[in-house]
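Structure file query_0.cif (mmCIF, C-alpha atoms) is printed below.
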data_query
#
loop_
_atom_site.label_atom_id
_atom_site.label_comp_id
_atom_site.auth_asym_id
_atom_site.auth_seq_id
_atom_site.Cartn_x
_atom_site.Cartn_y
_atom_site.Cartn_z
CA CYS A 157 100.70 129.50 116.16
CA VAL A 158 102.88 127.36 118.38
CA VAL A 159 106.63 127.71 118.72
CA THR A 160 108.30 124.33 119.05
CA GLU A 161 111.76 122.84 119.09
CA THR A 162 111.50 120.79 115.89
CA MET A 163 114.12 118.10 115.34
CA ASN A 164 116.27 119.69 118.06
CA GLN A 165 117.26 122.41 115.63
CA SER A 166 118.05 125.98 116.70
CA PRO A 167 116.50 128.50 116.46
CA PRO A 168 113.10 126.99 117.29
CA HIS A 169 110.62 126.55 114.47
CA LYS A 170 107.05 127.77 114.53
CA THR A 171 104.13 125.52 113.57
CA LYS A 172 100.88 126.85 112.21
CA THR A 173 97.70 124.87 111.57
CA LEU A 174 96.36 125.84 108.14
CA PHE A 175 93.46 123.40 107.92
CA LYS A 176 91.73 121.06 110.38
CA LYS A 177 88.47 119.27 109.76
CA ASP A 178 87.01 115.83 110.53
CA GLY A 179 90.32 114.12 111.20
CA VAL A 180 92.36 115.66 108.38
CA SER A 181 94.71 118.53 109.15
CA LEU A 182 97.42 120.54 107.46
CA VAL A 183 100.24 121.92 109.58
CA ALA A 184 103.06 124.18 108.37
CA THR A 185 106.42 124.08 110.13
CA ILE A 186 108.23 127.34 109.44
CA LEU A 187 112.00 126.83 109.46
CA SER A 188 113.12 129.98 111.21
CA SER A 189 116.36 131.58 110.09
CA THR A 190 116.43 133.79 113.20
CA SER A 191 114.83 133.75 116.62
CA ASN A 192 112.41 136.61 115.92
CA ASN A 193 109.54 134.31 114.79
CA ASP A 194 108.88 136.45 111.73
CA GLU A 195 106.83 134.37 109.27
CA ASP A 196 108.48 136.20 106.37
CA ASP A 197 112.00 135.47 107.62
CA HIS A 198 112.52 131.72 107.26
CA ASN A 199 114.50 129.01 105.51
CA GLY A 200 111.51 127.21 104.07
CA ILE A 201 108.30 125.53 105.15
CA ILE A 202 107.55 121.85 105.70
CA VAL A 203 103.84 121.17 105.27
CA THR A 204 102.45 118.02 106.89
CA LEU A 205 99.12 116.54 105.82
CA TYR A 206 97.89 114.45 108.75
CA LEU A 207 95.32 111.69 108.18
CA HIS A 208 93.71 111.01 111.56
CA ARG A 209 90.46 109.33 110.62
CA HIS A 210 91.58 106.37 112.69
CA THR A 211 88.15 104.97 113.53
CA GLU A 212 87.63 104.48 109.78
CA LYS A 213 91.20 103.22 109.29
CA ASN A 214 91.82 106.15 106.90
CA VAL A 215 89.80 104.46 104.15
CA ILE A 216 89.09 106.33 100.95
CA ASN A 217 85.45 107.39 100.67
CA PRO A 218 83.74 110.59 99.49
CA THR A 219 84.26 112.28 102.86
CA MET A 220 87.99 111.55 102.90
CA ILE A 221 88.36 112.62 99.27
CA SER A 222 86.55 115.91 99.94
CA LEU A 223 88.81 116.60 102.92
CA LEU A 224 91.95 115.84 100.90
CA VAL A 225 90.78 118.10 98.08
CA GLN A 226 90.15 120.90 100.58
CA ALA A 227 93.59 120.46 102.16
CA LEU A 228 95.31 120.48 98.77
CA HIS A 229 93.41 123.64 97.88
CA VAL A 230 94.76 125.27 101.04
CA ILE A 231 98.30 124.42 99.92
CA ASP A 232 97.59 126.20 96.63
CA THR A 233 95.91 129.27 98.08
CA HIS A 234 97.05 129.96 101.64
CA PRO A 235 98.97 133.26 101.79
CA LEU A 236 101.76 131.61 103.77
CA LEU A 237 102.38 129.15 100.93
CA ASN A 238 101.04 130.29 97.59
CA HIS A 239 103.76 132.82 96.74
CA MET A 240 106.78 130.91 98.04
CA ASN A 241 108.57 128.02 96.36
CA ASN A 242 110.76 126.75 99.20
CA LYS A 243 108.51 124.07 100.65
CA SER A 244 108.02 120.31 100.89
CA LEU A 245 105.06 118.11 101.82
CA ILE A 246 104.80 115.10 104.15
CA ILE A 247 101.69 112.89 104.17
CA THR A 248 101.22 110.63 107.19
CA GLY A 249 98.75 109.04 109.58
CA ILE A 250 101.08 109.48 112.55
CA ASP A 251 99.47 110.90 115.68
CA GLN A 252 102.27 112.41 117.75
CA ASP A 253 100.06 112.39 120.86
CA ASP A 254 99.14 108.71 120.71
CA PHE A 255 101.33 106.30 118.79
CA LYS A 256 99.04 103.39 119.74
CA ILE A 257 96.29 104.48 117.34
CA CYS A 258 98.67 104.86 114.38
CA LYS A 259 97.89 101.45 112.88
CA PHE A 260 96.81 102.58 109.41
CA PHE A 261 98.26 104.89 106.78
CA GLY A 262 95.38 103.98 104.50
CA ASN A 263 93.25 100.84 104.42
CA GLY A 264 92.06 101.07 100.83
CA LEU A 265 88.69 101.96 99.39
CA ASP A 266 85.76 102.07 101.81
CA LEU A 267 84.15 98.71 101.07
CA GLU A 268 81.23 99.36 103.39
CA TRP A 269 80.42 102.63 101.63
CA MET A 270 80.72 100.96 98.24
CA MET A 271 78.24 98.24 99.22
CA LYS A 272 75.74 100.78 100.55
CA ALA A 273 76.17 102.99 97.49
CA SER A 274 75.40 100.05 95.21
CA ASN A 275 72.36 99.12 97.34
CA ASN A 276 74.00 95.82 98.15
CA GLN A 277 72.80 94.33 101.41
CA THR A 278 75.42 91.59 101.49
CA THR A 279 76.66 90.81 104.98
CA ASN A 280 80.12 91.78 106.15
CA ASP A 281 81.19 88.14 105.87
CA ASN A 282 81.09 88.58 102.11
CA GLY A 283 82.10 92.24 102.08
CA GLY A 284 85.11 91.80 99.82
CA ALA A 285 83.06 89.99 97.18
CA ALA A 286 80.32 92.61 97.31
CA ALA A 287 82.85 95.42 96.98
CA ALA A 288 84.46 93.62 94.04
CA ALA A 289 81.02 93.42 92.45
CA ALA A 290 80.60 97.18 92.98
CA VAL A 291 83.91 97.88 91.26
CA SER A 292 83.06 95.44 88.48
CA ALA A 293 79.78 97.27 87.93
CA ALA A 294 81.66 100.57 87.93
CA THR A 295 83.87 99.37 85.07
CA LYS A 296 80.76 98.88 82.92
CA ASN A 297 78.81 102.05 83.63
CA GLU A 298 78.88 105.16 85.77
CA ASN A 299 77.77 104.65 89.36
CA PRO A 300 78.66 106.13 92.77
CA THR A 301 81.75 103.92 93.07
CA SER A 302 83.11 104.95 89.68
CA GLN A 303 82.46 108.62 90.47
CA MET A 304 84.29 108.29 93.79
CA ILE A 305 87.33 106.57 92.27
CA GLU A 306 87.54 109.07 89.41
CA MET A 307 87.40 112.01 91.83
CA PHE A 308 90.13 110.42 93.97
CA ASN A 309 92.26 109.85 90.88
CA SER A 310 91.81 113.21 89.17
CA GLN A 311 91.61 115.60 92.12
CA VAL A 312 93.88 113.90 94.67
CA LEU A 313 96.35 111.45 93.12
CA ALA A 314 97.04 113.40 89.91
CA LYS A 315 97.45 116.56 91.99
CA ILE A 316 99.90 115.05 94.48
CA LEU A 317 101.79 113.28 91.68
CA THR A 318 102.68 116.63 90.06
CA LEU A 319 103.02 119.04 92.99
CA PRO A 320 105.90 121.49 92.37
CA PHE A 321 107.94 120.44 95.41
CA ARG A 322 109.21 117.32 97.17
CA THR A 323 106.49 115.03 98.53
CA VAL A 324 107.15 112.31 101.12
CA ALA A 325 104.79 109.61 102.41
CA ALA A 326 105.57 108.64 106.03
CA ILE A 327 103.77 105.29 106.12
CA ASN A 328 102.89 104.71 109.78
CA GLY A 329 100.96 101.44 109.41
CA HIS A 330 99.00 99.30 106.97
CA CYS A 331 99.11 100.75 103.46
CA ILE A 332 96.66 98.86 101.28
CA GLY A 333 95.00 99.44 97.92
CA ALA A 334 93.95 103.08 97.59
CA GLY A 335 96.16 103.89 100.61
CA LEU A 336 99.11 102.47 98.68
CA PHE A 337 98.19 104.52 95.62
CA LEU A 338 98.18 107.64 97.80
CA ALA A 339 101.72 106.76 98.92
CA LEU A 340 102.81 105.94 95.36
CA ALA A 341 101.64 109.37 94.20
CA CYS A 342 104.33 110.87 96.45
CA ASP A 343 107.92 111.24 95.26
CA TYR A 344 109.36 109.21 98.17
CA ARG A 345 108.10 106.70 100.71
CA PHE A 346 109.35 105.89 104.21
CA MET A 347 107.71 103.16 106.31
CA ARG A 348 107.64 102.14 109.94
CA THR A 349 109.22 98.86 110.99
CA GLU A 350 107.70 96.06 113.08
CA ARG A 351 104.05 96.71 112.26
CA GLY A 352 102.04 97.19 109.10
CA TYR A 353 102.32 95.96 105.56
CA ILE A 354 101.95 97.17 101.99
CA GLN A 355 99.60 95.35 99.65
CA TRP A 356 97.85 95.49 96.29
CA PRO A 357 94.76 93.48 97.38
CA GLU A 358 92.87 93.45 94.09
CA ALA A 359 93.73 89.87 93.04
CA ARG A 360 92.62 88.58 96.43
CA LEU A 361 89.35 90.52 96.23
CA GLY A 362 88.59 89.46 92.67
CA MET A 363 88.70 92.93 91.14
CA ARG A 364 90.79 94.58 88.44
CA LEU A 365 92.96 97.60 89.11
CA THR A 366 91.34 100.09 86.67
CA LYS A 367 93.60 102.15 84.40
CA GLY A 368 94.61 104.94 86.79
CA PHE A 369 95.77 102.62 89.56
CA ALA A 370 97.48 100.28 87.09
CA GLU A 371 99.46 103.00 85.32
CA LEU A 372 100.50 104.61 88.62
CA SER A 373 101.79 101.27 89.86
CA LYS A 374 103.72 100.69 86.62
CA ASP A 375 105.25 104.17 86.67
CA LYS A 376 106.37 104.00 90.30
CA ILE A 377 107.54 100.37 90.57
CA GLY A 378 110.59 100.03 88.37
CA ASP A 379 111.22 96.31 88.90
CA TYR A 380 108.95 94.19 86.71
CA ALA A 381 109.39 91.16 88.97
CA VAL A 382 108.16 93.16 91.97
CA LEU A 383 105.22 94.52 90.01
CA ARG A 384 104.31 91.01 88.87
CA GLU A 385 104.59 89.57 92.37
CA GLY A 386 102.77 92.40 94.09
CA LEU A 387 99.86 92.62 91.68
CA LEU A 388 99.34 88.99 90.70
CA THR A 389 99.81 87.39 94.14
CA ALA A 390 98.49 90.16 96.43
CA LYS A 391 101.63 89.68 98.53
CA ARG A 392 101.78 91.51 101.85
CA TYR A 393 105.12 93.32 102.10
CA THR A 394 106.72 94.09 105.43
CA SER A 395 108.82 97.24 105.59
CA GLY A 396 111.98 95.22 105.07
CA GLU A 397 110.56 93.42 102.05
CA ALA A 398 109.17 96.67 100.64
CA LEU A 399 112.58 98.32 100.99
CA ALA A 400 114.40 95.40 99.36
CA SER A 401 111.83 95.47 96.52
CA GLY A 402 112.21 99.19 95.90
CA ILE A 403 108.62 100.02 96.85
CA ILE A 404 109.80 102.30 99.66
CA ASP A 405 112.96 104.35 100.15
CA GLY A 406 113.59 103.81 103.86
CA GLU A 407 112.33 102.12 107.02
CA TYR A 408 112.39 103.41 110.60
CA PRO A 409 110.89 102.57 113.99
CA LEU A 410 107.65 104.47 114.46
CA GLU A 411 109.13 107.04 116.84
CA GLU A 412 111.86 107.82 114.27
CA LEU A 413 109.65 107.78 111.17
CA TYR A 414 108.38 111.35 111.16
CA PRO A 415 111.74 112.90 112.14
CA ALA A 416 113.37 110.99 109.28
CA ALA A 417 110.70 112.13 106.82
CA PHE A 418 111.05 115.69 108.11
CA ARG A 419 114.83 115.70 107.62
CA PHE A 420 114.40 114.35 104.11
CA ALA A 421 111.77 116.97 103.34
CA VAL A 422 114.16 119.70 104.51
CA GLU A 423 116.92 118.23 102.36
CA GLY A 424 114.63 118.57 99.35
CA LEU A 425 113.84 122.26 99.75
CA PRO A 426 114.76 123.75 96.36
CA GLU A 427 116.25 127.03 97.59
CA THR A 428 117.99 126.27 100.91
CA SER A 429 119.10 122.64 100.67
CA GLU A 430 122.77 121.70 100.43
CA ASN A 431 122.20 121.22 96.70
CA PRO A 432 119.90 124.15 95.81
CA LEU A 433 118.16 124.38 92.47
CA ASP A 434 119.56 127.75 91.39
CA TYR A 435 116.88 128.73 88.90
CA PHE A 436 114.00 126.75 90.34
CA ASP A 437 110.67 127.28 88.55
CA PRO A 438 107.62 125.56 90.12
CA LYS A 439 105.73 125.49 86.83
CA ALA A 440 108.62 123.75 85.08
CA TYR A 441 108.98 121.37 88.06
CA THR A 442 105.33 120.32 87.79
CA GLU A 443 105.69 119.89 84.02
CA MET A 444 108.80 117.77 84.53
CA LYS A 445 106.86 115.46 86.85
CA MET A 446 104.13 115.23 84.21
CA GLU A 447 106.79 114.24 81.68
CA ILE A 448 108.34 111.62 83.96
CA TRP A 449 105.03 110.02 84.94
CA CYS A 450 103.06 111.03 81.84
CA THR A 451 101.16 107.77 81.42
CA SER A 452 99.92 107.61 84.99
CA TYR A 453 99.14 111.33 85.08
CA ARG A 454 96.98 111.06 81.95
CA ALA A 455 95.21 107.94 83.24
CA LEU A 456 94.54 109.51 86.64
CA LYS A 457 93.57 112.96 85.39
CA PHE A 458 91.50 112.04 82.36
CA GLY A 459 90.74 108.32 82.62
CA LYS A 460 87.43 106.71 83.48
CA VAL A 461 86.86 103.62 85.58
CA SER A 462 84.93 102.22 82.61
CA ASP A 463 87.97 102.47 80.31
CA LEU A 464 88.73 99.03 78.87
CA PRO A 465 91.78 97.23 80.30
CA HIS A 466 93.58 97.38 76.92
CA SER A 467 92.71 101.00 76.19
CA ARG A 468 95.21 103.83 75.88
CA ILE A 469 94.46 107.09 77.61
#

I'd like the structure from this file rewritten - as structure tokens, please.
Amino acid sequence: CVVTETMNQSPPHKTKTLFKKDGVSLVATILSSTSNNDEDDHNGIIVTLYLHRHTEKNVINPTMISLLVQALHVIDTHPLLNHMNNKSLIITGIDQDDFKICKFFGNGLDLEWMMKASNNQTTNDNGGAAAAAAVSAATKNENPTSQMIEMFNSQVLAKILTLPFRTVAAINGHCIGAGLFLALACDYRFMRTERGYIQWPEARLGMRLTKGFAELSKDKIGDYAVLREGLLTAKRYTSGEALASGIIDGEYPLEELYPAAFRFAVEGLPETSENPLDYFDPKAYTEMKMEIWCTSYRALKFGKVSDLPHSRI
């Protein structure tokens, strides 16, 4: 455990690493109510899921999915967390030790892996087309790409979508395709200014969304005109454009992004916020999220990549 001055608050808060493996880590910040550093005496816990697979640009592939599933399992089962309700989650690719490498929140599906998995030897110059072909094949029958997407949808996105506490994506850089869907699964999204963009790239790559990604986009983007523009033109949104379009909830310079997300996560703690939820029930909270985003939850949790575009889940 490390005792740190978090957000210049007093008394100091203690951080504890709960999971760390292959560039993905889970760190709990214990909001101390006193200065005695007692883990049982606190005003809540902010859990941060760090995505630091920077050499791979935080792409979604089986390794990343497995790591995310493991981290989410720790949130469910760790003794520090599993019997307490007063917590929030931040997901980010920020590296506090080196801001220069924080260029990607998530750069979409791993196109290189998809080409190799489909035994496609197409050169990188045509990588997008080959990946689109892999997805197209996945919509017709089960293959490694369809299995990967379905695992990402059912075990990661559906899980984050319905977690029984506030979830915040702190988007530190490019947020594209599957990276965007990871951010959309969160309740709120904050983005860095000056660098990075948000994009649905499918129209540019010549691939369809598949049902899970489509329903999540529809549930989380309330403005039809934005949904139409983003999906049908593959527009790249800067932070300012994303904020004006309602895709994100705030924009901050990179050095202010995590502190802002942290403050917002603290404000959403159900038991100790300024507007506490007096009779908070995590089971009911999860069920309420399922009710709000029922269509996307069903498509993510139970849908198949091969489901027809016009099908109902």

Give as an NGL selection string the residues that the PyMOL selection byres ((chain A and resi 326) around 9) matches when applied to the coordinates above.
:A and (246-250 or 261 or 324-325 or 327-328 or 339 or 344-348 or 413-414 or 416-417)

Written selection (C-alpha atoms) as an mmCIF file, keeping the file's coordinate frame:
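What ended up in again-v6.cif:
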data_model
loop_
_atom_site.group_PDB
_atom_site.id
_atom_site.type_symbol
_atom_site.label_atom_id
_atom_site.label_comp_id
_atom_site.auth_asym_id
_atom_site.auth_seq_id
_atom_site.Cartn_x
_atom_site.Cartn_y
_atom_site.Cartn_z
ATOM 1 C CA ILE A 246 104.800 115.100 104.150
ATOM 2 C CA ILE A 247 101.690 112.890 104.170
ATOM 3 C CA THR A 248 101.220 110.630 107.190
ATOM 4 C CA GLY A 249 98.750 109.040 109.580
ATOM 5 C CA ILE A 250 101.080 109.480 112.550
ATOM 6 C CA PHE A 261 98.260 104.890 106.780
ATOM 7 C CA VAL A 324 107.150 112.310 101.120
ATOM 8 C CA ALA A 325 104.790 109.610 102.410
ATOM 9 C CA ILE A 327 103.770 105.290 106.120
ATOM 10 C CA ASN A 328 102.890 104.710 109.780
ATOM 11 C CA ALA A 339 101.720 106.760 98.920
ATOM 12 C CA TYR A 344 109.360 109.210 98.170
ATOM 13 C CA ARG A 345 108.100 106.700 100.710
ATOM 14 C CA PHE A 346 109.350 105.890 104.210
ATOM 15 C CA MET A 347 107.710 103.160 106.310
ATOM 16 C CA ARG A 348 107.640 102.140 109.940
ATOM 17 C CA LEU A 413 109.650 107.780 111.170
ATOM 18 C CA TYR A 414 108.380 111.350 111.160
ATOM 19 C CA ALA A 416 113.370 110.990 109.280
ATOM 20 C CA ALA A 417 110.700 112.130 106.820
#

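Residues within 10 Å of region 292-296 of chain A, counting only C-alpha atoms and excluding same-chain residues fewer than 2 positions away, are Ser274, Ala286, Ala287, Ala288, Ala289, Ala290, Glu298, Asn299, Pro300, Thr301, Ser302, Gln303, Ile305, Gly362, Met363, Arg364, Thr366, Lys460, Val461, Ser462, Asp463, Leu464 and Pro465 of chain A.
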
Dump C-alpha atoms for the selected residues as a short mmCIF file (atom, residue, chain, number, x, y, z; two decimals), in the frame of the given file?
data_model
loop_
_atom_site.label_atom_id
_atom_site.label_comp_id
_atom_site.auth_asym_id
_atom_site.auth_seq_id
_atom_site.Cartn_x
_atom_site.Cartn_y
_atom_site.Cartn_z
CA SER A 274 75.40 100.05 95.21
CA ALA A 286 80.32 92.61 97.31
CA ALA A 287 82.85 95.42 96.98
CA ALA A 288 84.46 93.62 94.04
CA ALA A 289 81.02 93.42 92.45
CA ALA A 290 80.60 97.18 92.98
CA GLU A 298 78.88 105.16 85.77
CA ASN A 299 77.77 104.65 89.36
CA PRO A 300 78.66 106.13 92.77
CA THR A 301 81.75 103.92 93.07
CA SER A 302 83.11 104.95 89.68
CA GLN A 303 82.46 108.62 90.47
CA ILE A 305 87.33 106.57 92.27
CA GLY A 362 88.59 89.46 92.67
CA MET A 363 88.70 92.93 91.14
CA ARG A 364 90.79 94.58 88.44
CA THR A 366 91.34 100.09 86.67
CA LYS A 460 87.43 106.71 83.48
CA VAL A 461 86.86 103.62 85.58
CA SER A 462 84.93 102.22 82.61
CA ASP A 463 87.97 102.47 80.31
CA LEU A 464 88.73 99.03 78.87
CA PRO A 465 91.78 97.23 80.30
#

Using all atoms listed in the file, find all polymer residues with an atom at most 8 Å away from the point (94.1, 88.0, 91.5); report them as a PyMOL selection string.
chain A and resi 358-364+387-390

When the PyMOL selection byres ((chain A and resi 370) around 10) is applied to the file above, which residues end up in the set, as a ChimeraX atom specification?
/A:337,364-369,371-375,387,452,455-456,465

Neighbours of Gly333 (chain A) within 7 Å (only C-alpha atoms; same-chain residues fewer than 4 positions away dropped), as a PyMOL selection string?
chain A and resi 263-265+337+355-357

If you apply the PyMOL selection byres ((chain A and resi 349) around 9) to this file, what residues do you get, as a PyMOL selection string?
chain A and resi 328-329+347-348+350-352+394-396+407-410+413

Dig up all the protein and nucleic acid residues within 7 Å of (95.4, 122.8, 106.7) in the file frame, using only C-alpha atoms, and format them as a PyMOL selection string.
chain A and resi 173-176+181-183+227+230

Export of prior selection with C-alpha atoms as a short mmCIF file (atom, residue, chain, number, x, y, z; two decimals), in the coordinates of the input:
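Contents of selection-v5.cif, freshly written:
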data_model
loop_
_atom_site.label_atom_id
_atom_site.label_comp_id
_atom_site.auth_asym_id
_atom_site.auth_seq_id
_atom_site.Cartn_x
_atom_site.Cartn_y
_atom_site.Cartn_z
CA THR A 173 97.70 124.87 111.57
CA LEU A 174 96.36 125.84 108.14
CA PHE A 175 93.46 123.40 107.92
CA LYS A 176 91.73 121.06 110.38
CA SER A 181 94.71 118.53 109.15
CA LEU A 182 97.42 120.54 107.46
CA VAL A 183 100.24 121.92 109.58
CA ALA A 227 93.59 120.46 102.16
CA VAL A 230 94.76 125.27 101.04
#

How far is it from CA of Ala273 (chain A) to CA of Cys342 (chain A), in Å with one decimal?
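We find that CA of Ala273 (chain A) and CA of Cys342 (chain A) lie 29.3 Å from each other.
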